[in-house]
file target_19.cif (mmCIF, C-alpha atoms)
data_work
#
loop_
_atom_site.group_PDB
_atom_site.id
_atom_site.type_symbol
_atom_site.label_atom_id
_atom_site.label_comp_id
_atom_site.auth_asym_id
_atom_site.auth_seq_id
_atom_site.Cartn_x
_atom_site.Cartn_y
_atom_site.Cartn_z
ATOM 1 C CA MET A 176 -0.974 -13.543 16.985
ATOM 2 C CA TRP A 177 2.413 -13.841 18.615
ATOM 3 C CA ILE A 178 4.918 -11.538 20.297
ATOM 4 C CA GLU A 179 8.334 -10.915 18.753
ATOM 5 C CA MET A 180 10.858 -8.156 19.536
ATOM 6 C CA GLY A 181 8.231 -6.101 21.348
ATOM 7 C CA PHE A 182 5.699 -6.191 18.502
ATOM 8 C CA ASN A 183 2.212 -7.648 18.526
ATOM 9 C CA ILE A 184 2.349 -9.427 15.165
ATOM 10 C CA PHE A 185 -0.622 -10.391 13.024
ATOM 11 C CA ALA A 186 -0.018 -12.417 9.857
ATOM 12 C CA ALA A 187 -2.363 -13.831 7.237
ATOM 13 C CA THR A 188 -2.588 -15.539 3.880
ATOM 14 C CA VAL A 189 -5.916 -14.584 2.331
ATOM 15 C CA ASN A 190 -8.191 -14.936 -0.666
ATOM 16 C CA SER A 191 -6.994 -12.444 -3.272
ATOM 17 C CA GLN A 192 -10.498 -11.718 -4.625
ATOM 18 C CA THR A 193 -12.396 -10.739 -1.476
ATOM 19 C CA PRO A 194 -11.499 -8.085 1.137
ATOM 20 C CA THR A 195 -10.328 -9.700 4.364
ATOM 21 C CA ILE A 196 -10.099 -8.291 7.882
ATOM 22 C CA LEU A 197 -6.523 -8.699 9.118
ATOM 23 C CA PHE A 198 -6.747 -6.866 12.448
ATOM 24 C CA GLU A 199 -9.442 -4.979 14.332
ATOM 25 C CA ASP A 200 -10.153 -3.478 17.721
ATOM 26 C CA ASN A 201 -12.213 -0.521 18.925
ATOM 27 C CA HIS A 202 -9.803 1.975 17.338
ATOM 28 C CA ILE A 203 -8.153 0.514 14.221
ATOM 29 C CA ILE A 204 -9.155 -1.879 11.467
ATOM 30 C CA ALA A 205 -6.743 -3.295 8.868
ATOM 31 C CA VAL A 206 -8.036 -4.861 5.657
ATOM 32 C CA ASN A 207 -6.440 -6.733 2.782
ATOM 33 C CA LYS A 208 -7.560 -4.904 -0.375
ATOM 34 C CA PRO A 209 -7.766 -7.102 -3.463
ATOM 35 C CA ALA A 210 -6.378 -5.636 -6.667
ATOM 36 C CA GLY A 211 -9.121 -3.845 -8.586
ATOM 37 C CA TRP A 212 -10.841 -2.310 -5.563
ATOM 38 C CA LEU A 213 -10.856 1.434 -4.940
ATOM 39 C CA VAL A 214 -10.011 2.552 -1.400
ATOM 40 C CA GLN A 215 -12.378 5.537 -1.676
ATOM 41 C CA GLY A 216 -15.150 6.292 -4.146
ATOM 42 C CA ASP A 217 -14.497 8.133 -7.402
ATOM 43 C CA ALA A 218 -16.331 9.117 -10.574
ATOM 44 C CA THR A 219 -16.721 5.476 -11.653
ATOM 45 C CA GLY A 220 -19.355 4.910 -8.988
ATOM 46 C CA ASP A 221 -17.834 1.532 -8.114
ATOM 47 C CA LYS A 222 -18.246 0.460 -4.504
ATOM 48 C CA PRO A 223 -15.016 1.319 -2.639
ATOM 49 C CA LEU A 224 -13.290 -0.601 0.120
ATOM 50 C CA SER A 225 -14.252 2.090 2.642
ATOM 51 C CA ASP A 226 -17.961 1.363 2.051
ATOM 52 C CA TRP A 227 -17.333 -2.381 2.330
ATOM 53 C CA VAL A 228 -15.645 -1.832 5.725
ATOM 54 C CA LYS A 229 -18.518 0.366 6.925
ATOM 55 C CA ASP A 230 -21.000 -2.349 5.946
ATOM 56 C CA TYR A 231 -18.892 -4.943 7.775
ATOM 57 C CA ILE A 232 -18.801 -2.867 10.976
ATOM 58 C CA LYS A 233 -22.507 -2.087 10.769
ATOM 59 C CA GLN A 234 -23.462 -5.743 10.384
ATOM 60 C CA ARG A 235 -20.988 -7.253 12.829
ATOM 61 C CA TYR A 236 -21.643 -4.809 15.655
ATOM 62 C CA LEU A 237 -25.308 -4.084 14.811
ATOM 63 C CA LYS A 238 -24.581 -0.377 14.509
ATOM 64 C CA PRO A 239 -27.639 1.822 13.865
ATOM 65 C CA GLY A 240 -27.284 4.852 11.601
ATOM 66 C CA ASP A 241 -24.057 5.997 9.992
ATOM 67 C CA VAL A 242 -20.740 4.321 10.821
ATOM 68 C CA TYR A 243 -17.648 6.475 11.363
ATOM 69 C CA LEU A 244 -14.590 5.381 9.394
ATOM 70 C CA GLY A 245 -11.416 7.384 8.889
ATOM 71 C CA VAL A 246 -9.422 6.592 5.720
ATOM 72 C CA LEU A 247 -5.790 6.862 6.837
ATOM 73 C CA HIS A 248 -4.004 6.191 3.537
ATOM 74 C CA ARG A 249 -4.646 4.742 0.091
ATOM 75 C CA ILE A 250 -3.058 2.324 -2.345
ATOM 76 C CA ASP A 251 -3.651 2.350 -6.101
ATOM 77 C CA ARG A 252 -6.608 0.471 -7.569
ATOM 78 C CA PRO A 253 -4.521 -2.242 -9.343
ATOM 79 C CA VAL A 254 -2.414 -2.788 -6.184
ATOM 80 C CA SER A 255 -3.308 -5.293 -3.472
ATOM 81 C CA GLY A 256 -2.520 -5.372 0.222
ATOM 82 C CA ILE A 257 -2.928 -3.803 3.631
ATOM 83 C CA VAL A 258 -5.024 -0.673 4.110
ATOM 84 C CA LEU A 259 -5.554 0.881 7.547
ATOM 85 C CA PHE A 260 -8.723 2.631 8.710
ATOM 86 C CA ALA A 261 -9.598 4.395 11.971
ATOM 87 C CA ARG A 262 -12.810 3.556 13.806
ATOM 88 C CA THR A 263 -12.777 6.705 15.959
ATOM 89 C CA SER A 264 -11.927 10.346 15.306
ATOM 90 C CA LYS A 265 -9.293 10.237 18.061
ATOM 91 C CA ALA A 266 -7.535 7.294 16.405
ATOM 92 C CA ALA A 267 -7.807 9.001 13.002
ATOM 93 C CA GLU A 268 -6.188 12.193 14.287
ATOM 94 C CA ARG A 269 -3.333 10.383 16.031
ATOM 95 C CA MET A 270 -2.656 7.959 13.185
ATOM 96 C CA SER A 271 -2.746 10.744 10.589
ATOM 97 C CA LYS A 272 -0.160 12.658 12.609
ATOM 98 C CA ALA A 273 2.033 9.560 12.875
ATOM 99 C CA ILE A 274 1.832 9.050 9.106
ATOM 100 C CA GLN A 275 2.749 12.703 8.450
ATOM 101 C CA GLN A 276 5.749 12.298 10.753
ATOM 102 C CA ARG A 277 6.749 9.066 8.953
ATOM 103 C CA GLN A 278 6.259 6.954 12.052
ATOM 104 C CA LEU A 279 4.291 4.329 10.125
ATOM 105 C CA SER A 280 6.525 1.772 8.401
ATOM 106 C CA LYS A 281 5.242 0.359 5.086
ATOM 107 C CA ILE A 282 6.835 -2.616 3.339
ATOM 108 C CA TYR A 283 5.779 -3.691 -0.161
ATOM 109 C CA ILE A 284 6.522 -6.731 -2.317
ATOM 110 C CA ALA A 285 6.739 -6.311 -6.101
ATOM 111 C CA GLU A 286 7.612 -8.451 -9.092
ATOM 112 C CA ILE A 287 9.602 -6.369 -11.555
ATOM 113 C CA LYS A 288 10.873 -6.870 -15.075
ATOM 114 C CA GLY A 289 14.492 -7.988 -15.327
ATOM 115 C CA VAL A 290 17.163 -7.629 -12.678
ATOM 116 C CA PRO A 291 18.149 -4.187 -11.332
ATOM 117 C CA ALA A 292 21.789 -3.105 -11.581
ATOM 118 C CA HIS A 293 22.123 -3.379 -7.791
ATOM 119 C CA LEU A 294 20.575 -6.210 -5.771
ATOM 120 C CA GLU A 295 19.798 -3.695 -3.036
ATOM 121 C CA ALA A 296 19.849 0.082 -3.180
ATOM 122 C CA THR A 297 18.098 3.315 -2.294
ATOM 123 C CA LEU A 298 16.195 4.989 -5.118
ATOM 124 C CA GLU A 299 15.948 8.772 -4.855
ATOM 125 C CA HIS A 300 14.041 10.884 -7.360
ATOM 126 C CA PHE A 301 11.978 14.029 -7.672
ATOM 127 C CA ILE A 302 8.443 13.252 -8.801
ATOM 128 C CA VAL A 303 6.012 15.488 -10.672
ATOM 129 C CA ARG A 304 2.357 14.467 -10.828
ATOM 130 C CA ASN A 305 0.316 15.059 -13.975
ATOM 131 C CA GLU A 306 -3.292 15.150 -12.810
ATOM 132 C CA SER A 307 -4.693 15.429 -16.331
ATOM 133 C CA ASN A 308 -3.679 11.852 -17.207
ATOM 134 C CA ASN A 309 -3.139 10.490 -13.666
ATOM 135 C CA THR A 310 0.547 9.716 -14.096
ATOM 136 C CA SER A 311 3.784 10.768 -12.453
ATOM 137 C CA LYS A 312 7.263 11.315 -13.846
ATOM 138 C CA ALA A 313 10.532 10.807 -11.970
ATOM 139 C CA TYR A 314 13.546 13.110 -12.336
ATOM 140 C CA THR A 315 17.068 12.684 -11.011
ATOM 141 C CA ARG A 316 17.208 16.353 -9.979
ATOM 142 C CA GLU A 317 14.761 18.798 -8.468
ATOM 143 C CA VAL A 318 12.454 20.457 -11.014
ATOM 144 C CA PRO A 319 9.487 22.841 -10.637
ATOM 145 C CA ASN A 320 6.535 21.354 -8.731
ATOM 146 C CA SER A 321 8.480 18.205 -7.877
ATOM 147 C CA LYS A 322 8.464 16.334 -4.569
ATOM 148 C CA ASP A 323 11.319 14.257 -3.229
ATOM 149 C CA ALA A 324 10.729 10.496 -3.351
ATOM 150 C CA ARG A 325 12.810 7.848 -1.622
ATOM 151 C CA LEU A 326 12.622 4.094 -1.136
ATOM 152 C CA PHE A 327 14.963 1.228 -0.313
ATOM 153 C CA TYR A 328 14.682 -2.116 -2.075
ATOM 154 C CA LYS A 329 16.376 -5.491 -2.056
ATOM 155 C CA VAL A 330 15.998 -8.410 -4.442
ATOM 156 C CA ILE A 331 14.639 -11.402 -2.517
ATOM 157 C CA GLU A 332 13.972 -13.880 -5.339
ATOM 158 C CA ARG A 333 14.630 -14.468 -9.031
ATOM 159 C CA ARG A 334 11.650 -15.553 -11.151
ATOM 160 C CA GLY A 335 13.017 -16.451 -14.544
ATOM 161 C CA LYS A 336 13.715 -13.131 -16.234
ATOM 162 C CA ASN A 337 11.950 -11.201 -13.466
ATOM 163 C CA SER A 338 12.849 -10.307 -9.877
ATOM 164 C CA LEU A 339 10.862 -10.213 -6.656
ATOM 165 C CA VAL A 340 11.803 -7.212 -4.537
ATOM 166 C CA GLU A 341 10.998 -6.083 -1.010
ATOM 167 C CA ILE A 342 10.499 -2.323 -0.761
ATOM 168 C CA ASP A 343 10.760 -0.115 2.301
ATOM 169 C CA LEU A 344 8.833 3.015 1.360
ATOM 170 C CA ASP A 345 10.206 6.166 2.991
ATOM 171 C CA THR A 346 7.977 8.730 1.268
ATOM 172 C CA GLY A 347 4.475 8.279 -0.104
ATOM 173 C CA ARG A 348 4.237 10.073 -3.441
ATOM 174 C CA HIS A 349 1.724 9.516 -6.229
ATOM 175 C CA HIS A 350 2.521 6.226 -8.027
ATOM 176 C CA GLN A 351 5.948 6.407 -6.392
ATOM 177 C CA ILE A 352 7.001 2.755 -6.461
ATOM 178 C CA ARG A 353 5.644 2.279 -9.961
ATOM 179 C CA VAL A 354 7.383 5.282 -11.505
ATOM 180 C CA GLN A 355 10.676 4.830 -9.635
ATOM 181 C CA PHE A 356 11.122 1.234 -10.817
ATOM 182 C CA SER A 357 10.085 2.224 -14.312
ATOM 183 C CA SER A 358 12.778 4.909 -14.231
ATOM 184 C CA ILE A 359 15.485 2.246 -13.697
ATOM 185 C CA HIS A 360 14.025 0.167 -16.569
ATOM 186 C CA CYS A 361 12.431 -2.413 -14.257
ATOM 187 C CA PRO A 362 8.688 -1.743 -14.485
ATOM 188 C CA ILE A 363 6.311 -3.726 -12.299
ATOM 189 C CA VAL A 364 4.812 -6.795 -13.937
ATOM 190 C CA GLY A 365 1.436 -5.933 -15.486
ATOM 191 C CA ASP A 366 1.900 -2.158 -15.210
ATOM 192 C CA LEU A 367 1.207 -0.951 -18.751
ATOM 193 C CA LYS A 368 1.034 2.668 -17.579
ATOM 194 C CA TYR A 369 4.708 2.611 -16.607
ATOM 195 C CA GLY A 370 6.246 0.511 -19.316
ATOM 196 C CA TYR A 371 5.560 -3.188 -18.752
ATOM 197 C CA PRO A 372 4.774 -4.663 -22.199
ATOM 198 C CA THR A 373 1.817 -6.920 -21.331
ATOM 199 C CA PRO A 374 -1.109 -6.653 -18.885
ATOM 200 C CA ASN A 375 -2.178 -9.128 -16.243
ATOM 201 C CA SER A 376 -5.427 -10.839 -17.228
ATOM 202 C CA ASP A 377 -7.326 -9.299 -14.290
ATOM 203 C CA GLY A 378 -5.937 -5.785 -14.719
ATOM 204 C CA SER A 379 -3.824 -6.019 -11.563
ATOM 205 C CA ILE A 380 -0.146 -5.214 -11.227
ATOM 206 C CA ASN A 381 2.290 -7.285 -9.177
ATOM 207 C CA LEU A 382 2.631 -4.818 -6.330
ATOM 208 C CA HIS A 383 1.403 -5.660 -2.829
ATOM 209 C CA ALA A 384 1.342 -3.750 0.469
ATOM 210 C CA TYR A 385 2.846 -6.556 2.523
ATOM 211 C CA LYS A 386 3.578 -5.228 6.016
ATOM 212 C CA VAL A 387 2.871 -2.237 8.259
ATOM 213 C CA GLN A 388 4.347 -1.371 11.649
ATOM 214 C CA PHE A 389 3.038 1.379 13.910
ATOM 215 C CA GLU A 390 2.415 2.392 17.484
ATOM 216 C CA HIS A 391 -1.198 1.829 18.456
ATOM 217 C CA PRO A 392 -2.832 5.276 18.776
ATOM 218 C CA VAL A 393 -4.451 4.491 22.133
ATOM 219 C CA LYS A 394 -2.758 1.443 23.672
ATOM 220 C CA LYS A 395 0.728 2.719 22.735
ATOM 221 C CA GLU A 396 1.955 -0.780 21.970
ATOM 222 C CA MET A 397 3.766 -1.666 18.748
ATOM 223 C CA ILE A 398 1.679 -3.434 16.128
ATOM 224 C CA GLU A 399 2.956 -5.329 13.092
ATOM 225 C CA ILE A 400 0.556 -6.649 10.441
ATOM 226 C CA LYS A 401 1.603 -8.867 7.530
ATOM 227 C CA CYS A 402 -0.304 -10.205 4.539
ATOM 228 C CA GLU A 403 1.307 -12.451 1.921
ATOM 229 C CA PRO A 404 1.095 -11.328 -1.740
ATOM 230 C CA PRO A 405 -1.230 -13.133 -4.163
ATOM 231 C CA PHE A 406 1.442 -13.465 -6.872
#

call {"tool": "encode", "arguments": {"input": "target_19.cif", "output": "structure tokens"}}
result
Amino acid sequence: MWIEMGFNIFAATVNSQTPTILFEDNHIIAVNKPAGWLVQGDATGDKPLSDWVKDYIKQRYLKPGDVYLGVLHRIDRPVSGIVLFARTSKAAERMSKAIQQRQLSKIYIAEIKGVPAHLEATLEHFIVRNESNNTSKAYTREVPNSKDARLFYKVIERRGKNSLVEIDLDTGRHHQIRVQFSSIHCPIVGDLKYGYPTPNSDGSINLHAYKVQFEHPVKKEMIEIKCEPPF
């Protein structure tokens, strides 16, 4: 850890196959989620990251009985990167409020097909979720049942015919990053659902939750956590 511009900064390069603890104290725990892991359980019955974190806390701190863990946000199953959890109900309530008020900054890294028309730009769409097939569609104008979606990106590297982009996510809509880049004909590498032609061998997509910044819910100091992408 080091201090920079008033932030307590935590950075890590980790194994992409196993969940890794990036930051923890009595109130908050941040974990690197490998691609392929669920954040919370679903109908598949696969063990989710939340259960893994509970097991970790139980074993490390010799906790008897049930372990409290508040899931603060989620990232898609084929996406890797930072996920935050609360270890107390007070931290969960305060962090959830901060997220609702967009006081939590989330930065992603993605590898996309081709090169976008602008090397940096704001993408603004209206997104409609289709729950029957678990997809979303982006529109350039407001339509019934749509929610506004906004992100800023900049190209940070060229990789042959592809581009590596850094994304500052302003809103958190269903499949937002995936559908917005697909809508400008630059789908994320490996993302068959949104138009990339070939899958990654492990079923992942090249989208990674790279950095979060937030005010600690109890200590009131600024925290920055980084985790390098596996691609």

call {"tool": "resolve_selection", "arguments": {"input": "target_19.cif", "expression": "the PyMOL selection byres ((chain A and resi 301) around 7)", "output": "list of chain:residue names"}}
result
A:His300, A:Ile302, A:Val303, A:Ala313, A:Tyr314, A:Thr315, A:Arg316, A:Glu317, A:Ser321, A:Lys322, A:Asp323, A:Ala324

call {"tool": "atom_distance", "arguments": {"input": "target_19.cif", "atom1": "atom CA of Arg348 of chain A", "atom2": "atom CA of Gly365 of chain A"}}
result
20.2 Å

call {"tool": "residues_around", "arguments": {"input": "target_19.cif", "residues": "Ser311 of chain A", "least_positions_apart": "2", "cutoff": "8 Å", "atoms": "only C-alpha atoms", "output": "list in words"}}
result
Ile302, Val303, Arg304, Asn305, Asn309, Ala313, His349, His350, Gln351 and Val354 of chain A

call {"tool": "atom_distance", "arguments": {"input": "target_19.cif", "atom1": "atom CA of Glu306 of chain A", "atom2": "atom CA of Asn320 of chain A"}}
result
12.3 Å

call {"tool": "residues_near_point", "arguments": {"input": "target_19.cif", "point": "(-5.7, -10.2, -12.1)", "cutoff": "12 Å", "atoms": "only C-alpha atoms", "output": "ChimeraX atom specification"}}
result
/A:191-192,209-212,252-255,364-366,374-382,405-406

call {"tool": "build_atoms", "arguments": {"input": "target_19.cif", "residues": "segment 223-235 of chain A", "atoms": "N, CA and C atoms", "output": "PDB file, in the frame of the given file"}}
result
ATOM      1  N   PRO A 223     -16.390   1.317  -3.133  1.00  0.00           N
ATOM      2  CA  PRO A 223     -15.016   1.319  -2.639  1.00  0.00           C
ATOM      3  C   PRO A 223     -14.855   0.454  -1.397  1.00  0.00           C
ATOM      4  N   LEU A 224     -13.609   0.185  -1.065  1.00  0.00           N
ATOM      5  CA  LEU A 224     -13.290  -0.601   0.120  1.00  0.00           C
ATOM      6  C   LEU A 224     -13.828   0.064   1.383  1.00  0.00           C
ATOM      7  N   SER A 225     -13.778   1.388   1.451  1.00  0.00           N
ATOM      8  CA  SER A 225     -14.252   2.090   2.642  1.00  0.00           C
ATOM      9  C   SER A 225     -15.725   1.784   2.916  1.00  0.00           C
ATOM     10  N   ASP A 226     -16.552   1.702   1.869  1.00  0.00           N
ATOM     11  CA  ASP A 226     -17.961   1.363   2.051  1.00  0.00           C
ATOM     12  C   ASP A 226     -18.125  -0.088   2.487  1.00  0.00           C
ATOM     13  N   TRP A 227     -17.289  -0.966   1.926  1.00  0.00           N
ATOM     14  CA  TRP A 227     -17.333  -2.381   2.330  1.00  0.00           C
ATOM     15  C   TRP A 227     -17.035  -2.517   3.824  1.00  0.00           C
ATOM     16  N   VAL A 228     -16.018  -1.767   4.305  1.00  0.00           N
ATOM     17  CA  VAL A 228     -15.645  -1.832   5.725  1.00  0.00           C
ATOM     18  C   VAL A 228     -16.771  -1.274   6.594  1.00  0.00           C
ATOM     19  N   LYS A 229     -17.388  -0.182   6.173  1.00  0.00           N
ATOM     20  CA  LYS A 229     -18.518   0.366   6.925  1.00  0.00           C
ATOM     21  C   LYS A 229     -19.652  -0.654   7.031  1.00  0.00           C
ATOM     22  N   ASP A 230     -19.945  -1.325   5.928  1.00  0.00           N
ATOM     23  CA  ASP A 230     -21.000  -2.349   5.946  1.00  0.00           C
ATOM     24  C   ASP A 230     -20.635  -3.477   6.902  1.00  0.00           C
ATOM     25  N   TYR A 231     -19.359  -3.876   6.883  1.00  0.00           N
ATOM     26  CA  TYR A 231     -18.892  -4.943   7.775  1.00  0.00           C
ATOM     27  C   TYR A 231     -19.086  -4.557   9.234  1.00  0.00           C
ATOM     28  N   ILE A 232     -18.674  -3.332   9.587  1.00  0.00           N
ATOM     29  CA  ILE A 232     -18.801  -2.867  10.976  1.00  0.00           C
ATOM     30  C   ILE A 232     -20.274  -2.785  11.374  1.00  0.00           C
ATOM     31  N   LYS A 233     -21.077  -2.257  10.489  1.00  0.00           N
ATOM     32  CA  LYS A 233     -22.507  -2.087  10.769  1.00  0.00           C
ATOM     33  C   LYS A 233     -23.174  -3.435  11.052  1.00  0.00           C
ATOM     34  N   GLN A 234     -22.840  -4.429  10.234  1.00  0.00           N
ATOM     35  CA  GLN A 234     -23.462  -5.743  10.384  1.00  0.00           C
ATOM     36  C   GLN A 234     -22.899  -6.512  11.578  1.00  0.00           C
ATOM     37  N   ARG A 235     -21.586  -6.469  11.747  1.00  0.00           N
ATOM     38  CA  ARG A 235     -20.988  -7.253  12.829  1.00  0.00           C
ATOM     39  C   ARG A 235     -21.383  -6.728  14.206  1.00  0.00           C
TER      40      ARG A 235
END
